[in-house]
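*Asks:* Data: query.cif, mmCIF, C-alpha atoms.
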data_final
#
loop_
_atom_site.label_atom_id
_atom_site.label_comp_id
_atom_site.auth_asym_id
_atom_site.auth_seq_id
_atom_site.Cartn_x
_atom_site.Cartn_y
_atom_site.Cartn_z
CA MET U 1 119.42 88.07 105.92
CA HIS U 2 117.60 87.26 109.13
CA GLU U 3 117.04 83.83 107.57
CA MET U 4 120.61 83.10 108.68
CA ALA U 5 119.72 83.84 112.31
CA LEU U 6 116.54 81.81 111.98
CA CYS U 7 118.47 78.82 110.59
CA GLU U 8 120.80 79.06 113.55
CA GLY U 9 117.64 78.88 115.66
CA VAL U 10 116.69 75.68 113.83
CA LEU U 11 120.13 74.23 114.56
CA ASP U 12 119.81 75.19 118.24
CA ILE U 13 116.52 73.32 118.39
CA ILE U 14 118.10 70.30 116.68
CA ALA U 15 121.06 70.30 119.09
CA GLU U 16 118.75 70.43 122.11
CA GLU U 17 116.54 67.67 120.78
CA ALA U 18 119.58 65.53 119.92
CA THR U 19 120.64 65.60 123.57
CA ARG U 20 117.15 65.07 124.88
CA GLN U 21 116.05 62.40 122.42
CA ARG U 22 119.44 60.88 121.70
CA PHE U 23 120.03 60.87 118.02
CA ALA U 24 123.31 61.21 116.19
CA ARG U 25 122.34 62.36 112.76
CA VAL U 26 119.51 64.27 111.09
CA ARG U 27 118.39 62.98 107.72
CA ALA U 28 115.54 65.41 107.11
CA VAL U 29 114.22 68.62 108.57
CA ARG U 30 110.63 69.65 108.01
CA LEU U 31 109.60 73.22 108.65
CA GLU U 32 106.20 74.83 108.58
CA ILE U 33 106.48 78.28 107.07
CA GLY U 34 103.40 80.46 107.00
CA ALA U 35 102.69 82.42 103.83
CA LEU U 36 102.45 85.54 106.02
CA SER U 37 105.57 84.82 108.09
CA HIS U 38 108.73 86.83 107.76
CA VAL U 39 110.71 84.45 105.63
CA GLU U 40 111.30 83.32 102.12
CA PRO U 41 111.41 79.49 102.00
CA GLU U 42 114.14 79.51 99.35
CA ALA U 43 116.32 81.84 101.43
CA MET U 44 115.85 79.49 104.41
CA ARG U 45 116.97 76.56 102.28
CA PHE U 46 120.05 78.43 101.09
CA CYS U 47 120.99 79.53 104.60
CA PHE U 48 120.34 76.13 106.12
CA ASP U 49 122.78 74.54 103.69
CA ALA U 50 125.39 77.05 104.78
CA VAL U 51 124.90 76.96 108.55
CA SER U 52 124.38 73.20 108.87
CA ARG U 53 127.82 72.30 107.52
CA GLY U 54 129.86 70.48 110.11
CA THR U 55 126.79 69.80 112.27
CA ILE U 56 124.72 66.66 112.74
CA ALA U 57 122.26 68.11 110.23
CA GLU U 58 124.74 68.51 107.40
CA SER U 59 123.26 67.34 104.07
CA ALA U 60 119.86 66.78 105.66
CA ARG U 61 116.89 66.99 103.32
CA PHE U 62 115.20 70.31 103.87
CA GLU U 63 111.45 70.22 103.40
CA VAL U 64 109.08 73.11 103.70
CA ILE U 65 105.37 72.83 104.34
CA GLU U 66 103.85 76.13 103.30
CA VAL U 67 100.92 77.07 105.49
CA PRO U 68 98.34 79.32 103.78
CA GLY U 69 97.48 82.72 105.24
CA GLU U 70 94.24 83.22 107.12
CA ALA U 71 92.57 86.38 108.30
CA TRP U 72 89.40 87.55 109.99
CA CYS U 73 87.50 90.09 107.90
CA MET U 74 85.92 92.68 110.18
CA ASN U 75 83.42 93.73 107.52
CA CYS U 76 82.23 90.21 106.68
CA SER U 77 82.71 88.84 110.21
CA LYS U 78 84.15 85.63 108.87
CA PRO U 79 87.51 83.97 108.27
CA VAL U 80 89.02 84.37 104.80
CA ALA U 81 92.10 83.09 102.98
CA ILE U 82 94.78 85.60 101.94
CA ALA U 83 98.08 85.04 100.19
CA ARG U 84 99.83 88.25 101.28
CA ARG U 85 99.51 90.80 104.05
CA PHE U 86 98.21 93.57 101.81
CA ASP U 87 95.61 91.47 100.03
CA PRO U 88 92.03 92.69 100.31
CA CYS U 89 89.24 90.43 101.58
CA PRO U 90 88.34 88.09 98.71
CA ALA U 91 84.64 88.49 99.58
CA CYS U 92 84.13 92.23 100.18
CA GLY U 93 87.34 93.77 98.82
CA GLY U 94 87.98 95.59 102.10
CA TYR U 95 91.26 95.86 103.97
CA LYS U 96 89.94 95.49 107.51
CA LEU U 97 91.61 92.14 108.03
CA GLN U 98 93.21 90.71 111.13
CA VAL U 99 95.70 87.94 110.43
CA THR U 100 94.69 84.80 112.33
CA GLY U 101 96.94 82.12 110.84
CA GLY U 102 99.73 81.32 108.44
CA ASP U 103 102.21 83.63 110.13
CA ALA U 104 104.11 80.98 112.09
CA LEU U 105 107.53 79.55 111.61
CA ARG U 106 108.06 76.15 113.18
CA VAL U 107 110.22 73.07 113.11
CA LYS U 108 107.55 70.43 112.55
CA ASP U 109 109.57 67.23 112.72
CA LEU U 110 112.91 65.64 112.05
CA GLU U 111 113.89 62.35 110.48
CA VAL U 112 116.79 61.10 112.51
CA VAL U 113 119.03 58.09 112.95
CA MET D 114 125.73 81.58 120.20
CA CYS D 115 125.53 85.13 121.42
CA THR D 116 126.77 87.59 118.82
CA VAL D 117 127.53 90.19 121.48
CA CYS D 118 129.79 88.34 123.85
CA GLY D 119 130.13 84.81 122.53
CA CYS D 120 128.40 83.40 125.59
CA MET D 121 126.46 80.20 125.22
CA GLU D 122 123.08 81.71 125.99
CA ALA D 123 122.66 80.73 129.60
CA LYS D 124 119.00 81.17 130.28
CA GLU D 125 118.10 84.29 132.17
CA GLY D 126 114.91 84.45 134.11
CA ALA D 127 112.41 81.70 134.37
CA SER D 128 110.95 80.43 131.21
CA ASP D 129 108.80 77.46 130.65
CA HIS D 130 111.01 75.39 128.48
CA ASP D 131 109.24 72.13 128.98
CA ARG D 132 106.07 73.08 127.19
CA ASP D 133 108.05 72.41 124.02
CA HIS D 134 108.37 68.73 124.89
CA ALA D 135 108.46 66.38 121.98
CA HIS D 136 107.40 62.80 121.39
CA ALA D 137 109.33 60.04 119.74
CA HIS D 138 107.63 57.86 117.18
CA ALA D 139 109.14 55.15 115.08
CA HIS D 140 107.94 55.03 111.49
CA ASP D 141 108.41 53.76 107.99
CA GLY D 142 107.57 50.15 108.73
CA ALA D 143 110.97 49.63 110.20
CA HIS D 144 109.76 47.50 113.10
CA PRO D 145 110.24 43.77 113.05
CA ARG D 146 107.03 41.91 113.81
CA GLY D 147 106.08 42.06 117.41
CA TYR D 148 107.66 45.41 118.04
CA GLY D 149 105.34 48.28 118.74
CA HIS D 150 105.78 52.01 118.41
CA HIS D 151 107.59 53.87 121.09
CA HIS D 152 104.94 56.17 122.40
CA HIS D 153 106.64 56.91 125.68
CA ASP D 154 108.76 59.85 126.45
CA HIS D 155 111.85 57.86 127.30
CA PRO D 156 114.54 57.78 124.64
CA PRO D 157 114.07 54.81 122.33
CA HIS D 158 117.68 53.68 122.83
CA GLU D 159 119.36 53.47 126.12
CA HIS D 160 122.89 52.75 124.97
CA ALA D 161 125.53 55.21 123.95
CA HIS D 162 127.10 55.64 120.52
CA GLU D 163 130.38 56.77 119.24
CA GLN D 164 129.72 59.95 117.35
CA GLY D 165 128.72 59.18 113.80
CA ALA D 166 127.78 55.57 114.53
CA SER D 167 124.21 54.74 113.73
CA HIS D 168 121.77 51.90 113.47
CA ASP D 169 120.71 52.23 109.90
CA GLY D 170 122.41 49.09 108.75
CA GLY D 171 125.36 50.97 107.34
CA GLY D 172 127.60 50.12 110.26
CA LEU D 173 130.41 47.62 110.48
CA ALA D 174 130.09 45.02 107.76
CA GLY D 175 126.58 46.30 107.13
CA VAL D 176 125.35 44.50 110.21
CA HIS D 177 121.75 45.27 110.90
CA VAL D 178 120.45 44.54 114.34
CA PRO D 179 116.75 43.64 114.29
CA GLY D 180 114.65 46.08 116.21
CA MET D 181 117.45 48.58 116.24
CA ASN D 182 116.78 50.32 112.97
CA ALA D 183 116.63 53.78 114.35
CA ARG D 184 115.56 55.84 111.41
CA ARG D 185 112.57 57.58 112.89
CA ILE D 186 110.53 60.72 112.74
CA ILE D 187 110.60 62.93 115.78
CA GLU D 188 107.83 65.43 116.18
CA ILE D 189 109.26 68.73 117.28
CA GLU D 190 106.53 71.35 116.83
CA ARG D 191 108.69 74.17 118.07
CA ASN D 192 108.61 77.79 117.05
CA ILE D 193 111.92 78.75 115.45
CA LEU D 194 111.71 82.10 117.18
CA GLY D 195 110.89 80.36 120.48
CA LYS D 196 114.25 81.05 122.05
CA ASN D 197 114.17 84.71 121.09
CA ASN D 198 110.64 84.92 122.45
CA GLU D 199 111.75 83.44 125.77
CA TYR D 200 114.44 86.09 126.09
CA ALA D 201 111.92 88.74 125.08
CA ALA D 202 109.50 87.56 127.77
CA ALA D 203 112.31 87.73 130.35
CA ASN D 204 113.19 91.27 129.21
CA ARG D 205 109.53 92.28 129.34
CA ALA D 206 109.13 90.93 132.89
CA ARG D 207 112.28 92.70 133.98
CA LEU D 208 111.18 96.01 132.46
CA ALA D 209 107.71 95.71 134.00
CA ALA D 210 109.20 94.99 137.43
CA ALA D 211 111.38 98.09 137.11
CA GLY D 212 108.48 100.21 135.89
CA VAL D 213 110.25 100.95 132.61
CA PHE D 214 108.21 101.57 129.46
CA ALA D 215 110.13 100.39 126.39
CA LEU D 216 109.68 101.33 122.73
CA ASN D 217 111.46 99.63 119.83
CA PHE D 218 112.07 102.12 116.99
CA VAL D 219 112.35 100.55 113.57
CA SER D 220 112.79 102.12 110.13
CA SER D 221 114.99 102.16 107.08
CA PRO D 222 118.38 103.88 107.48
CA GLY D 223 118.18 107.65 107.32
CA SER D 224 114.57 108.12 108.44
CA GLY D 225 115.75 110.27 111.34
CA LYS D 226 115.39 107.88 114.27
CA THR D 227 118.41 109.15 116.16
CA THR D 228 117.48 112.81 115.64
CA LEU D 229 113.98 111.97 116.87
CA LEU D 230 115.37 110.37 120.02
CA VAL D 231 117.77 113.24 120.66
CA ARG D 232 114.86 115.68 120.43
CA ALA D 233 112.67 113.53 122.72
CA ILE D 234 115.46 113.25 125.30
CA ALA D 235 115.99 117.01 125.32
CA ASP D 236 112.26 117.61 125.79
CA LEU D 237 111.50 114.84 128.31
CA LYS D 238 114.60 114.23 130.40
CA ALA D 239 113.62 116.79 133.04
CA ASP D 240 110.37 114.88 133.67
CA CYS D 241 111.45 111.26 133.56
CA PRO D 242 114.59 109.11 133.35
CA ILE D 243 115.36 107.91 129.82
CA ALA D 244 117.81 105.22 128.75
CA VAL D 245 118.66 104.20 125.20
CA ILE D 246 119.91 101.07 123.46
CA GLU D 247 121.41 101.79 120.05
CA GLY D 248 121.72 99.10 117.41
CA ASP D 249 123.98 99.53 114.39
CA GLN D 250 126.18 97.20 112.41
CA GLN D 251 129.22 99.34 113.21
CA THR D 252 130.35 102.50 115.08
CA ALA D 253 129.30 103.99 118.39
CA ASN D 254 128.31 107.29 116.71
CA ASP D 255 124.64 107.07 117.62
CA ALA D 256 125.23 106.21 121.28
CA GLU D 257 127.59 109.19 121.47
CA ARG D 258 124.88 111.48 120.07
CA ILE D 259 122.42 110.14 122.65
CA ARG D 260 124.86 110.60 125.53
CA ALA D 261 125.58 114.14 124.36
CA ALA D 262 121.82 114.75 124.59
CA GLY D 263 121.93 113.71 128.23
CA ALA D 264 120.78 110.09 128.42
CA PRO D 265 122.72 106.91 129.26
CA ALA D 266 123.14 104.81 126.12
CA ILE D 267 124.48 101.37 125.27
CA GLN D 268 125.64 100.75 121.73
CA ILE D 269 125.18 97.26 120.33
CA ASN D 270 127.17 96.56 117.19
CA THR D 271 125.62 93.66 115.37
CA GLY D 272 128.59 93.25 113.02
CA LYS D 273 127.18 91.41 110.05
CA GLY D 274 123.81 91.06 111.78
CA CYS D 275 120.80 92.84 110.35
CA HIS D 276 118.67 93.20 113.49
CA LEU D 277 118.73 93.28 117.27
CA ASP D 278 117.53 90.19 119.06
CA ALA D 279 116.14 89.81 122.57
CA HIS D 280 119.29 88.17 123.90
CA MET D 281 121.48 91.13 122.89
CA VAL D 282 118.99 93.50 124.45
CA GLY D 283 118.99 91.48 127.69
CA HIS D 284 122.75 92.03 127.96
CA ALA D 285 122.36 95.72 127.26
CA LEU D 286 119.76 95.97 130.04
CA ASP D 287 122.38 94.69 132.48
CA ALA D 288 124.42 97.81 131.82
CA LEU D 289 121.62 100.38 132.07
CA PRO D 290 120.25 102.08 135.19
CA LEU D 291 116.77 100.56 135.06
CA ASP D 292 116.05 101.00 138.74
CA LEU D 293 115.00 104.58 138.04
CA GLY D 294 111.95 103.52 136.00
CA GLY D 295 111.00 105.86 133.18
CA LEU D 296 111.48 105.22 129.47
CA LEU D 297 113.69 102.93 127.44
CA PHE D 298 114.13 103.72 123.76
CA ILE D 299 115.59 100.93 121.65
CA GLU D 300 116.81 102.13 118.27
CA ASN D 301 116.95 99.08 116.06
CA VAL D 302 119.29 98.56 113.12
CA GLY D 303 118.11 100.63 110.16
CA ASN D 304 116.33 97.92 108.19
CA LEU D 305 112.65 97.61 107.32
CA VAL D 306 112.75 93.84 106.91
CA CYS D 307 114.49 91.74 109.55
CA PRO D 308 113.73 93.57 112.82
CA ALA D 309 110.02 92.90 112.24
CA ALA D 310 110.45 89.26 113.24
CA PHE D 311 112.23 89.81 116.56
CA ASP D 312 110.37 90.70 119.72
CA LEU D 313 112.80 92.43 122.07
CA GLY D 314 110.47 92.67 125.05
CA GLU D 315 109.27 96.16 124.14
CA ALA D 316 105.77 97.48 124.84
CA HIS D 317 105.37 98.66 121.25
CA LYS D 318 107.23 98.79 117.97
CA VAL D 319 107.23 102.29 116.53
CA VAL D 320 107.93 102.47 112.81
CA VAL D 321 109.43 105.72 111.56
CA LEU D 322 108.88 106.67 107.94
CA SER D 323 110.23 109.93 106.57
CA VAL D 324 108.51 111.89 103.82
CA THR D 325 111.68 111.74 101.72
CA GLU D 326 110.91 108.03 101.24
CA GLY D 327 108.07 106.77 99.06
CA GLU D 328 104.52 106.76 100.42
CA ASP D 329 104.23 103.14 99.29
CA LYS D 330 106.78 101.85 101.83
CA PRO D 331 104.01 100.19 103.90
CA LEU D 332 103.06 98.08 100.87
CA LYS D 333 106.66 97.31 100.00
CA TYR D 334 107.61 96.26 103.55
CA PRO D 335 104.33 95.03 104.98
CA ASP D 336 105.75 92.85 107.76
CA MET D 337 107.18 95.83 109.57
CA PHE D 338 104.01 97.90 109.34
CA ALA D 339 102.01 94.89 110.50
CA ALA D 340 104.27 94.51 113.55
CA ALA D 341 104.17 98.19 114.58
CA ASP D 342 101.54 99.86 116.77
CA LEU D 343 102.49 103.43 115.86
CA MET D 344 103.76 104.99 112.63
CA LEU D 345 105.62 108.27 112.96
CA ILE D 346 105.82 110.15 109.68
CA ASN D 347 108.96 112.19 110.14
CA LYS D 348 110.47 115.23 108.37
CA VAL D 349 107.02 116.72 107.68
CA ASP D 350 108.67 120.16 107.51
CA LEU D 351 109.96 119.05 104.09
CA ILE D 352 106.54 118.21 102.64
CA PRO D 353 106.21 121.51 100.71
CA HIS D 354 109.31 120.54 98.73
CA LEU D 355 108.25 116.99 97.94
CA ASP D 356 105.56 115.00 96.15
CA PHE D 357 104.95 112.76 99.16
CA ASP D 358 101.24 111.84 99.34
CA LEU D 359 100.51 111.72 103.06
CA GLU D 360 96.92 110.56 102.74
CA ARG D 361 97.86 107.69 100.50
CA CYS D 362 100.66 106.65 102.84
CA VAL D 363 98.19 106.49 105.73
CA GLU D 364 95.75 104.51 103.61
CA TYR D 365 98.46 101.99 102.63
CA ALA D 366 99.57 101.55 106.23
CA ARG D 367 95.95 100.91 107.33
CA ARG D 368 95.58 98.30 104.61
CA ILE D 369 98.44 96.38 106.16
CA ASN D 370 97.47 97.07 109.75
CA PRO D 371 93.96 98.44 110.43
CA ARG D 372 94.88 99.16 114.06
CA ILE D 373 98.09 101.15 113.48
CA GLU D 374 98.10 104.66 114.94
CA MET D 375 99.67 107.51 113.05
CA LEU D 376 101.35 110.82 113.93
CA THR D 377 103.22 113.33 111.78
CA VAL D 378 106.32 114.90 113.29
CA SER D 379 109.43 116.82 112.48
CA ALA D 380 112.29 115.88 114.76
CA ARG D 381 114.21 118.87 113.35
CA THR D 382 111.65 121.63 114.00
CA GLY D 383 109.79 119.89 116.86
CA GLU D 384 106.47 120.08 114.99
CA GLY D 385 104.08 117.34 116.14
CA MET D 386 106.41 116.09 118.88
CA PRO D 387 104.07 117.04 121.78
CA ALA D 388 101.42 114.71 120.32
CA PHE D 389 104.02 111.93 120.28
CA TYR D 390 104.89 112.63 123.93
CA SER D 391 101.19 112.46 124.84
CA TRP D 392 100.96 109.13 123.04
CA ILE D 393 103.91 107.84 125.09
CA ALA D 394 102.35 109.09 128.33
CA ARG D 395 98.99 107.47 127.53
CA ARG D 396 100.50 104.14 126.52
CA ALA D 397 102.91 104.08 129.46
CA GLU D 398 100.00 104.67 131.83
CA ALA D 399 97.97 101.90 130.14
CA ALA D 400 100.95 99.55 130.50
CA ARG D 401 101.30 100.43 134.20
CA VAL D 402 97.61 99.70 134.79
CA ALA D 403 97.87 96.40 132.90
CA ASN D 404 100.97 95.37 134.88
CA ARG D 405 99.31 96.19 138.17
CA ALA D 406 96.27 94.16 137.17
CA ALA D 407 98.52 91.24 136.23
CA GLU D 408 100.26 91.20 139.61
#
If you convert what's in this file into structure tokens, what do you get?
*Replies:*
Amino acid sequence: MHEMALCEGVLDIIAEEATRQRFARVRAVRLEIGALSHVEPEAMRFCFDAVSRGTIAESARFEVIEVPGEAWCMNCSKPVAIARRFDPCPACGGYKLQVTGGDALRVKDLEVV
Amino acid sequence: MCTVCGCMEAKEGASDHDRDHAHAHAHDGAHPRGYGHHHHDHPPHEHAHEQGASHDGGGLAGVHVPGMNARRIIEIERNILGKNNEYAAANRARLAAAGVFALNFVSSPGSGKTTLLVRAIADLKADCPIAVIEGDQQTANDAERIRAAGAPAIQINTGKGCHLDAHMVGHALDALPLDLGGLLFIENVGNLVCPAAFDLGEAHKVVVLSVTEGEDKPLKYPDMFAAADLMLINKVDLIPHLDFDLERCVEYARRINPRIEMLTVSARTGEGMPAFYSWIARRAEAARVANRAAE
């Protein structure tokens, strides 16, 4: 359940931003979760509910923007879209792919009051 | 908060925190006419609040102060693992300065990581100093095995935690004799999922897979095989007794990570271990050259 640790990371970011940007309450949290990142969006949602209780983000809407996976195919020498790490290149069927995007995990923005 | 000591994560080492700066924007048509967006980096409100008080019109008697509706979107654009990565960068700089080459061993429980390290310590300790960080949810059994083999070891108990993070490792580094240079082996919590996400400041992740597991583990746990630079296939002395398909395992791992290197070893019999030691020597030398070039 490293999603729990990651949600604590989200709360740390929120606490820092609350001090820096002076807000008292978070109404919504928007995350960008890459299709090839290490987390399951639903597990993040579940954990966030649990770890945000008693914080300024309690009951905040939790929105996830899923970012599609991207890779560079070494055979085709071009970027291709992949849904999972072990997917073959959709053009040539090969596995010589280097992931180039969709593996990030970011707090995109917050709606605050 | 730190799961090792309960400290409040005082920042160690210099890290460039300010690159994560954010901007404040007001949105949702909440501005009265004549009010523009706040596109400056000063806080939109300069007065203090009692905790819980807000400007969204739900305050005392529902009073809404024009221009003070503060519901707004704040762009953050920060990596959730950013803090861990800052600690990892600090660990990496510290290890480089001390001339220590660090490997992060990851695998499922029971793949033979500790036995592998005990064997490597016995074979290498005469030639170079070796220190070990052991991660387990509970017990100091592994650190005791490592110390019995002749290397200083720090045990980190993660409690309910499923992985080591860079902050825990930074604390463990405080307690190890790094000034001698040499090798640092970090044995992560036995778990093929969570440790993949956490950079500890190591030079390489080494994933250990034993032949008593399925050859399709790289497909089942792709994140870990994608994060590793070397796969050690352990317990190869047992292959005659098993149906493990070595070739297929290698093929699956390369599907996930075309650049992964692969070695077969038996920590019990010592078979294949010299090739692993040569790999360490080559990579440690490459790291030294890279560090010197970076100076």
*Asks:* Once the PyMOL selection byres ((chain D) within 6 of (chain U)) has been applied to the shown file, what residues remain in the selection, as an MDAnalysis selection string?
*Replies:* chainID D and resid 156 183:193 307 368:369 371
*Asks:* Can you spit out the residues from that selection as a PDB file, keeping the file's coordinate frame, using C-alpha atoms?
*Replies:*
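Result went into result.pdb, see below:
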ATOM      1  CA  PRO D 156     114.540  57.780 124.640  1.00  0.00           C
ATOM      2  CA  ALA D 183     116.630  53.780 114.350  1.00  0.00           C
ATOM      3  CA  ARG D 184     115.560  55.840 111.410  1.00  0.00           C
ATOM      4  CA  ARG D 185     112.570  57.580 112.890  1.00  0.00           C
ATOM      5  CA  ILE D 186     110.530  60.720 112.740  1.00  0.00           C
ATOM      6  CA  ILE D 187     110.600  62.930 115.780  1.00  0.00           C
ATOM      7  CA  GLU D 188     107.830  65.430 116.180  1.00  0.00           C
ATOM      8  CA  ILE D 189     109.260  68.730 117.280  1.00  0.00           C
ATOM      9  CA  GLU D 190     106.530  71.350 116.830  1.00  0.00           C
ATOM     10  CA  ARG D 191     108.690  74.170 118.070  1.00  0.00           C
ATOM     11  CA  ASN D 192     108.610  77.790 117.050  1.00  0.00           C
ATOM     12  CA  ILE D 193     111.920  78.750 115.450  1.00  0.00           C
ATOM     13  CA  CYS D 307     114.490  91.740 109.550  1.00  0.00           C
ATOM     14  CA  ARG D 368      95.580  98.300 104.610  1.00  0.00           C
ATOM     15  CA  ILE D 369      98.440  96.380 106.160  1.00  0.00           C
ATOM     16  CA  PRO D 371      93.960  98.440 110.430  1.00  0.00           C
TER      17      PRO D 371
END
*Asks:* Expressed in Å to a single decimal, how great is the separation between CA of Arg260 (chain D) and CA of Leu297 (chain D)?
*Replies:*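 We find that CA of Arg260 (chain D) and CA of Leu297 (chain D) lie 13.7 Å from each other.
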*Asks:* Just to confirm, what's the straight-line distance from CA of Cys241 (chain D) to CA of Val213 (chain D) in Å (one decimal)?
*Replies:* 10.4 Å
*Asks:* Would you translate the PyMOL selection byres ((chain D and resi 374) around 12) into the concrete set of residues it matches in this file, as a ChimeraX atom specification?
*Replies:* /D:317-321,338-346,363-364,366-367,370-373,375-377,388-389,392,396
*Asks:* Between D:Ala233, D:Val378, D:Leu355, D:Ala202, which residue has the minimum interatomic distance to Leu296 (chain D), considering all atoms listed in the file?
*Replies:*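 Comparing D:Ala233, D:Val378, D:Leu355, D:Ala202 against Leu296 (chain D), the winner is D:Ala233.
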*Asks:* So that I can check the surroundings of Phe218 (chain D), please list as a PyMOL selection string every protein, DNA and RNA residue that reaches within 12 Å of it, counting all atoms listed in the file and ignoring chain neighbours fewer than 3 positions away.
*Replies:* chain D and resi 215+221-222+224-227+229-230+245-248+276-277+297-305+308-309+312-313+315-322+337-338+340-345
*Asks:* Quick one: distance from CA of Thr55 (chain U) to CA of Ala18 (chain U) in Å, one decimal?
*Replies:*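 Separation of CA of Thr55 (chain U) and CA of Ala18 (chain U): 11.3 Å.
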*Asks:* Report the residues retrieved by the PyMOL selection byres ((chain D and resi 212) around 12) from the displayed file, expressed as a ChimeraX atom specification.
*Replies:* /D:205-211,213-215,241-243,290-297,316,397-398,400-405
*Asks:* Got a sec to write region 73-85 of chain U of the block to a file, N, CA, C and O atoms, as a CSV table (one decimal), in the first residue's frame?
*Replies:*
chain,number,residue,atom,x,y,z
U,73,CYS,N,9.6,3.9,-29.8
U,73,CYS,CA,9.9,2.5,-30.4
U,73,CYS,C,11.2,2.6,-31.1
U,73,CYS,O,11.4,3.4,-32.0
U,74,MET,N,12.2,1.8,-30.6
U,74,MET,CA,13.5,1.8,-31.2
U,74,MET,C,13.5,1.2,-32.6
U,74,MET,O,14.4,1.5,-33.4
U,75,ASN,N,12.6,0.3,-32.9
U,75,ASN,CA,12.5,-0.3,-34.3
U,75,ASN,C,12.0,0.7,-35.2
U,75,ASN,O,12.5,0.9,-36.3
U,76,CYS,N,10.8,1.4,-34.9
U,76,CYS,CA,10.2,2.3,-35.8
U,76,CYS,C,10.8,3.7,-35.7
U,76,CYS,O,10.5,4.5,-36.6
U,77,SER,N,11.6,4.0,-34.7
U,77,SER,CA,12.1,5.3,-34.5
U,77,SER,C,11.0,6.4,-34.5
U,77,SER,O,11.1,7.4,-35.2
U,78,LYS,N,10.0,6.1,-33.7
U,78,LYS,CA,8.9,7.1,-33.6
U,78,LYS,C,8.2,6.9,-32.3
U,78,LYS,O,8.3,5.8,-31.7
U,79,PRO,N,7.5,8.0,-31.8
U,79,PRO,CA,6.8,7.8,-30.5
U,79,PRO,C,5.5,7.1,-30.8
U,79,PRO,O,4.8,7.2,-31.8
U,80,VAL,N,5.1,6.2,-29.8
U,80,VAL,CA,3.9,5.4,-29.9
U,80,VAL,C,3.1,5.5,-28.6
U,80,VAL,O,3.7,5.8,-27.5
U,81,ALA,N,1.8,5.2,-28.6
U,81,ALA,CA,1.0,5.2,-27.4
U,81,ALA,C,0.9,3.8,-26.9
U,81,ALA,O,0.7,2.8,-27.6
U,82,ILE,N,1.2,3.6,-25.6
U,82,ILE,CA,1.0,2.3,-25.0
U,82,ILE,C,0.1,2.4,-23.7
U,82,ILE,O,0.2,3.5,-23.0
U,83,ALA,N,-0.6,1.4,-23.4
U,83,ALA,CA,-1.5,1.5,-22.2
U,83,ALA,C,-0.8,0.9,-21.0
U,83,ALA,O,-1.1,1.2,-19.9
U,84,ARG,N,0.1,-0.1,-21.2
U,84,ARG,CA,0.8,-0.8,-20.1
U,84,ARG,C,2.3,-1.0,-20.5
U,84,ARG,O,2.6,-1.0,-21.6
U,85,ARG,N,3.1,-1.2,-19.4
U,85,ARG,CA,4.5,-1.3,-19.6
U,85,ARG,C,4.9,-2.5,-20.5
U,85,ARG,O,5.9,-2.5,-21.2
